[in-house]
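Presented below is the structure to which this report refers.
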Amino acid sequence: MARWHTSAVVRLQVQSLEAMTTSPNSTAQTADFEFAALREARNYRAALLKEFSTHLRGRVLEVGAGIGQITDALLQLSAIEHLTSIEPDPAFCFELRMRLPQHNLVQGTIADLHTPEMWNAILSVNVLEHIENDVEELTAYREILRPAQGTLCLFVPARQEIYAPIDKDFGHFRRYSQGELVGKLHSAGFNQIQIRYYNFIGYFLWWMSFCLLKRRSFDVSSVRLFDRAIFPPVHGFETRVLHPPIGQSLMVTATG
């Protein structure tokens, strides 16, 4: 029983991007970021997008599309009039184009987005931790959002004390504390910030599975079980009753 609990609360995190020319995943030691397992995290992805849904409207830029697991869900949101995704990894871009051939996809980084259009929102899910100069990346987001006074919807792994070998495998430079991330957002020019920890139980199960037991991969059946049976009631409590004092991740909305 303990085994599926500890391996069930997975990173549930994909995607990467960088504002500079170097690939943000150059330090990663895994080729596919456990996409097969994370494909099972349907309720998790749906809940995440629901949290951001107020801001995901008009023209939306998705930073770090991976193979399009979140892209699929974004394309179903009627409030989004136009969606463009950016992904630096050629293999991921190839797979995404095979699945969504008509989708607006830019292969590269935020620096390769050479358009004059205004953007109402940027969605960045588990991207910033892959980027060494994260303040520079946040500043680039701020400049893109400034003309339309758009919103940054940001989701990152939390708490450096649970940084595990698997984080290094994924090419993570860090996990964030709330104070650290707020400071970096302010440095980038964001001044209206809402931030909270996300997935309280995930903090402890991540520590047990990946710090204490030092596991280096996810189990597909465990992800499925967690997503269907454990996550929905836990998430419901966190959103309707009490926001957690710590969590596996941090959720942010920010404007300038």
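How things are named: the first chain in the structure tokens is A, the next is B, and so on; residues count from 1 in each chain; ligands count from 1 in the order shown.
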Spatial neighbours of Phe200 in chain A, max dist 7 Å, only C-alpha atoms, sep filter under 5 positions, as a compact mmCIF listing (two decimals) with N, CA and C atoms, in the first residue's frame:
```
# COMPACT_ATOMS: atom_id res chain seq x y z
N PRO A 244 -3.32 25.22 1.79
CA PRO A 244 -2.27 24.60 2.61
C PRO A 244 -1.12 25.57 2.92
N ILE A 246 2.04 24.70 3.11
CA ILE A 246 3.12 24.28 2.21
C ILE A 246 2.50 23.35 1.18
N GLY A 247 3.26 23.04 0.15
CA GLY A 247 2.75 22.14 -0.87
C GLY A 247 3.84 21.71 -1.82
N GLN A 248 3.48 20.78 -2.69
CA GLN A 248 4.43 20.27 -3.67
C GLN A 248 4.74 21.32 -4.73
```
I'd like the contact shell of range 74-80 of chain A - 8 Å cut-off, only C-alpha atoms, skipping same-chain residues fewer than 4 positions apart - returned as a PyMOL selection string. chain A and resi 49+56-60+70
Output for the residues just chosen: N, CA and C atoms as a compact mmCIF listing (two decimals), in the first residue's frame:
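That gives us selection_26.txt:
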```txt
# COMPACT_ATOMS: atom_id res chain seq x y z
N LEU A 49 -6.02 23.88 -14.85
CA LEU A 49 -6.53 24.85 -15.81
C LEU A 49 -7.79 25.55 -15.29
N LEU A 56 -7.46 32.75 -18.61
CA LEU A 56 -7.15 32.11 -19.89
C LEU A 56 -8.25 32.45 -20.89
N ARG A 57 -8.13 33.62 -21.48
CA ARG A 57 -9.12 34.10 -22.44
C ARG A 57 -8.44 35.05 -23.42
N GLY A 58 -9.07 35.23 -24.55
CA GLY A 58 -8.47 36.08 -25.58
C GLY A 58 -7.28 35.41 -26.24
N ARG A 59 -6.18 36.12 -26.33
CA ARG A 59 -4.97 35.60 -26.95
C ARG A 59 -4.05 35.05 -25.87
N VAL A 60 -3.76 33.75 -25.93
CA VAL A 60 -3.00 33.06 -24.88
C VAL A 60 -1.73 32.46 -25.49
N ILE A 70 -1.09 19.60 -22.13
CA ILE A 70 -1.91 20.71 -21.67
C ILE A 70 -2.49 21.46 -22.87
```
Hey, what does DSSP flag as strand (DSSP E) within range 47-111 of chain A? Can you give it to me as a PyMOL selection string? chain A and resi 58-63+80-87+104-107
Residues at most 12 Å from Gly68 in chain A, counting only C-alpha atoms, excluding those fewer than 2 positions away in the same chain, as a count of residues only? 37
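Atom pair CA of Phe155 in chain A / CA of Leu123 in chain A: separated by 8.3 Å.
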Please provide as a PyMOL selection string all residues within 10 Å of Tyr44 in chain A, with the sequence filter that same-chain residues fewer than 6 positions apart are discarded (counting only C-alpha atoms). chain A and resi 12+38+50+226-228+231-232+235
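Between Glu180 in chain A and the candidates A:Gln160, A:Ser222, A:Asn199, A:Thr239, the tightest atom-to-atom separation, counting only C-alpha atoms, involves A:Gln160.
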Write out as a PyMOL selection string the residues lying within 9 Å of Phe210 in chain A, counting only C-alpha atoms and excluding same-chain residues fewer than 3 positions away. chain A and resi 6-7+162-167+205-207+213-217
Serialized selection, all heavy atoms, as a CSV table (one decimal), in the first residue's frame:
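result-v9.csv was written with the following content:
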```csv
chain,number,residue,atom,x,y,z
A,6,THR,N,3.5,6.4,-2.3
A,6,THR,CA,4.7,7.2,-2.4
A,6,THR,C,5.1,7.4,-3.9
A,6,THR,O,5.6,8.5,-4.2
A,6,THR,CB,5.9,6.5,-1.8
A,6,THR,OG1,6.1,5.2,-2.3
A,6,THR,CG2,5.8,6.5,-0.3
A,7,SER,N,4.7,6.5,-4.8
A,7,SER,CA,5.0,6.7,-6.2
A,7,SER,C,3.9,7.4,-6.9
A,7,SER,O,4.0,7.8,-8.0
A,7,SER,CB,5.4,5.4,-6.9
A,7,SER,OG,4.3,4.5,-6.8
A,162,ILE,N,12.8,19.6,-0.5
A,162,ILE,CA,12.4,18.3,-1.1
A,162,ILE,C,13.0,18.1,-2.5
A,162,ILE,O,12.5,17.3,-3.3
A,162,ILE,CB,10.9,18.0,-1.1
A,162,ILE,CG1,10.1,19.1,-1.9
A,162,ILE,CG2,10.4,17.9,0.4
A,162,ILE,CD1,8.7,18.7,-2.1
A,163,TYR,N,14.0,18.9,-2.8
A,163,TYR,CA,14.7,18.7,-4.1
A,163,TYR,C,15.4,17.4,-4.1
A,163,TYR,O,16.1,17.0,-3.2
A,163,TYR,CB,15.8,19.8,-4.3
A,163,TYR,CG,16.5,19.8,-5.7
A,163,TYR,CD1,16.0,20.6,-6.7
A,163,TYR,CD2,17.6,19.0,-5.9
A,163,TYR,CE1,16.6,20.6,-7.9
A,163,TYR,CE2,18.2,19.0,-7.1
A,163,TYR,CZ,17.7,19.8,-8.1
A,163,TYR,OH,18.4,19.8,-9.4
A,164,ALA,N,15.0,16.5,-5.0
A,164,ALA,CA,15.4,15.1,-5.0
A,164,ALA,C,16.3,14.8,-6.3
A,164,ALA,O,16.3,15.6,-7.2
A,164,ALA,CB,14.2,14.2,-5.0
A,165,PRO,N,16.9,13.6,-6.3
A,165,PRO,CA,17.6,13.2,-7.5
A,165,PRO,C,16.8,13.3,-8.8
A,165,PRO,O,17.3,13.6,-9.8
A,165,PRO,CB,18.1,11.8,-7.2
A,165,PRO,CG,18.2,11.7,-5.7
A,165,PRO,CD,17.1,12.6,-5.2
A,166,ILE,N,15.5,13.0,-8.7
A,166,ILE,CA,14.7,13.0,-9.9
A,166,ILE,C,14.5,14.4,-10.4
A,166,ILE,O,14.3,14.7,-11.6
A,166,ILE,CB,13.3,12.3,-9.6
A,166,ILE,CG1,12.6,12.0,-10.9
A,166,ILE,CG2,12.4,13.2,-8.7
A,166,ILE,CD1,11.4,11.2,-10.8
A,167,ASP,N,14.6,15.4,-9.5
A,167,ASP,CA,14.6,16.8,-9.9
A,167,ASP,C,15.8,17.1,-10.8
A,167,ASP,O,15.7,17.7,-11.9
A,167,ASP,CB,14.6,17.8,-8.7
A,167,ASP,CG,13.2,17.9,-8.0
A,167,ASP,OD1,12.3,18.5,-8.6
A,167,ASP,OD2,13.1,17.4,-6.9
A,205,LEU,N,4.6,13.1,0.2
A,205,LEU,CA,4.8,11.9,-0.6
A,205,LEU,C,5.9,12.0,-1.6
A,205,LEU,O,6.6,11.1,-1.9
A,205,LEU,CB,3.5,11.5,-1.3
A,205,LEU,CG,2.3,11.2,-0.3
A,205,LEU,CD1,1.1,10.8,-1.1
A,205,LEU,CD2,2.7,10.0,0.7
A,206,TRP,N,6.1,13.2,-2.0
A,206,TRP,CA,7.3,13.5,-2.9
A,206,TRP,C,8.6,13.3,-2.1
A,206,TRP,O,9.5,12.6,-2.5
A,206,TRP,CB,7.3,14.9,-3.4
A,206,TRP,CG,8.4,15.2,-4.3
A,206,TRP,CD1,9.6,15.7,-4.0
A,206,TRP,CD2,8.5,15.1,-5.8
A,206,TRP,NE1,10.5,15.9,-5.1
A,206,TRP,CE2,9.8,15.5,-6.2
A,206,TRP,CE3,7.5,14.7,-6.7
A,206,TRP,CZ2,10.1,15.5,-7.5
A,206,TRP,CZ3,7.9,14.7,-8.0
A,206,TRP,CH2,9.2,15.1,-8.4
A,207,TRP,N,8.6,13.8,-0.9
A,207,TRP,CA,9.7,13.6,0.0
A,207,TRP,C,10.0,12.2,0.3
A,207,TRP,O,11.1,11.7,0.2
A,207,TRP,CB,9.5,14.4,1.3
A,207,TRP,CG,10.6,14.1,2.3
A,207,TRP,CD1,11.9,14.6,2.4
A,207,TRP,CD2,10.5,13.1,3.4
A,207,TRP,NE1,12.6,14.0,3.4
A,207,TRP,CE2,11.8,13.1,4.1
A,207,TRP,CE3,9.5,12.2,3.8
A,207,TRP,CZ2,12.0,12.2,5.1
A,207,TRP,CZ3,9.8,11.4,4.9
A,207,TRP,CH2,11.0,11.4,5.5
A,213,LEU,N,13.3,7.5,-0.4
A,213,LEU,CA,13.5,6.2,-1.2
A,213,LEU,C,14.3,6.4,-2.5
A,213,LEU,O,14.7,5.4,-3.1
A,213,LEU,CB,12.2,5.6,-1.5
A,213,LEU,CG,11.3,5.3,-0.2
A,213,LEU,CD1,10.0,4.7,-0.6
A,213,LEU,CD2,12.1,4.3,0.7
A,214,LYS,N,14.5,7.7,-2.9
A,214,LYS,CA,15.3,8.0,-4.0
A,214,LYS,C,14.9,7.3,-5.3
A,214,LYS,O,15.7,6.9,-6.1
A,214,LYS,CB,16.8,7.8,-3.7
A,214,LYS,CG,17.3,8.6,-2.6
A,214,LYS,CD,18.8,8.5,-2.4
A,214,LYS,CE,19.3,9.3,-1.2
A,214,LYS,NZ,18.9,10.7,-1.2
A,215,ARG,N,13.6,7.2,-5.5
A,215,ARG,CA,13.1,6.6,-6.8
A,215,ARG,C,13.4,7.6,-7.9
A,215,ARG,O,13.4,8.8,-7.7
A,215,ARG,CB,11.6,6.3,-6.6
A,215,ARG,CG,11.4,5.1,-5.7
A,215,ARG,CD,9.9,4.8,-5.6
A,215,ARG,NE,9.7,3.6,-4.7
A,215,ARG,CZ,8.7,3.4,-3.9
A,215,ARG,NH1,7.8,4.3,-3.8
A,215,ARG,NH2,8.7,2.3,-3.1
A,216,ARG,N,13.6,7.1,-9.1
A,216,ARG,CA,14.0,7.9,-10.2
A,216,ARG,C,12.9,7.8,-11.4
A,216,ARG,O,13.2,8.3,-12.5
A,216,ARG,CB,15.3,7.5,-10.7
A,216,ARG,CG,16.4,7.5,-9.7
A,216,ARG,CD,16.8,8.8,-9.1
A,216,ARG,NE,17.7,9.6,-10.0
A,216,ARG,CZ,19.0,9.6,-9.8
A,216,ARG,NH1,19.6,8.9,-8.8
A,216,ARG,NH2,19.7,10.3,-10.6
A,217,SER,N,11.8,7.3,-11.1
A,217,SER,CA,10.8,7.2,-12.2
A,217,SER,C,9.4,7.1,-11.6
A,217,SER,O,9.2,6.8,-10.4
A,217,SER,CB,11.0,6.0,-13.1
A,217,SER,OG,10.9,4.8,-12.4
```
Using only C-alpha atoms, which residues sit within 10 Å of Asn191 in chain A once same-chain residues fewer than 3 positions away are excluded, as a ChimeraX atom specification? /A:182,185-188,194,254-256
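Among A:Gly171, A:Ser177, A:Arg224, A:Ala158, the residue with the shortest atom-to-atom distance to Tyr203 in chain A, counting only C-alpha atoms, is A:Ala158.
Taking CA of Ile193 in chain A as the reference point, CA of Leu113 in chain A is found at 25.0 Å.
Using only C-alpha atoms, the shortest contact distance between Gly150 in chain A and any of A:Ala41, A:Leu242, A:Ile131, A:Trp119 is found at A:Trp119.
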Using only C-alpha atoms, which of the listed residues (A:Lys168, A:Leu152, A:Pro233, A:Arg175) sits closest to Ser124 in chain A? A:Leu152
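Residue nearest Ala36 in chain A, chosen from A:Met208, A:Val223, A:Ala140, A:Ala229 and counting only C-alpha atoms: A:Val223.
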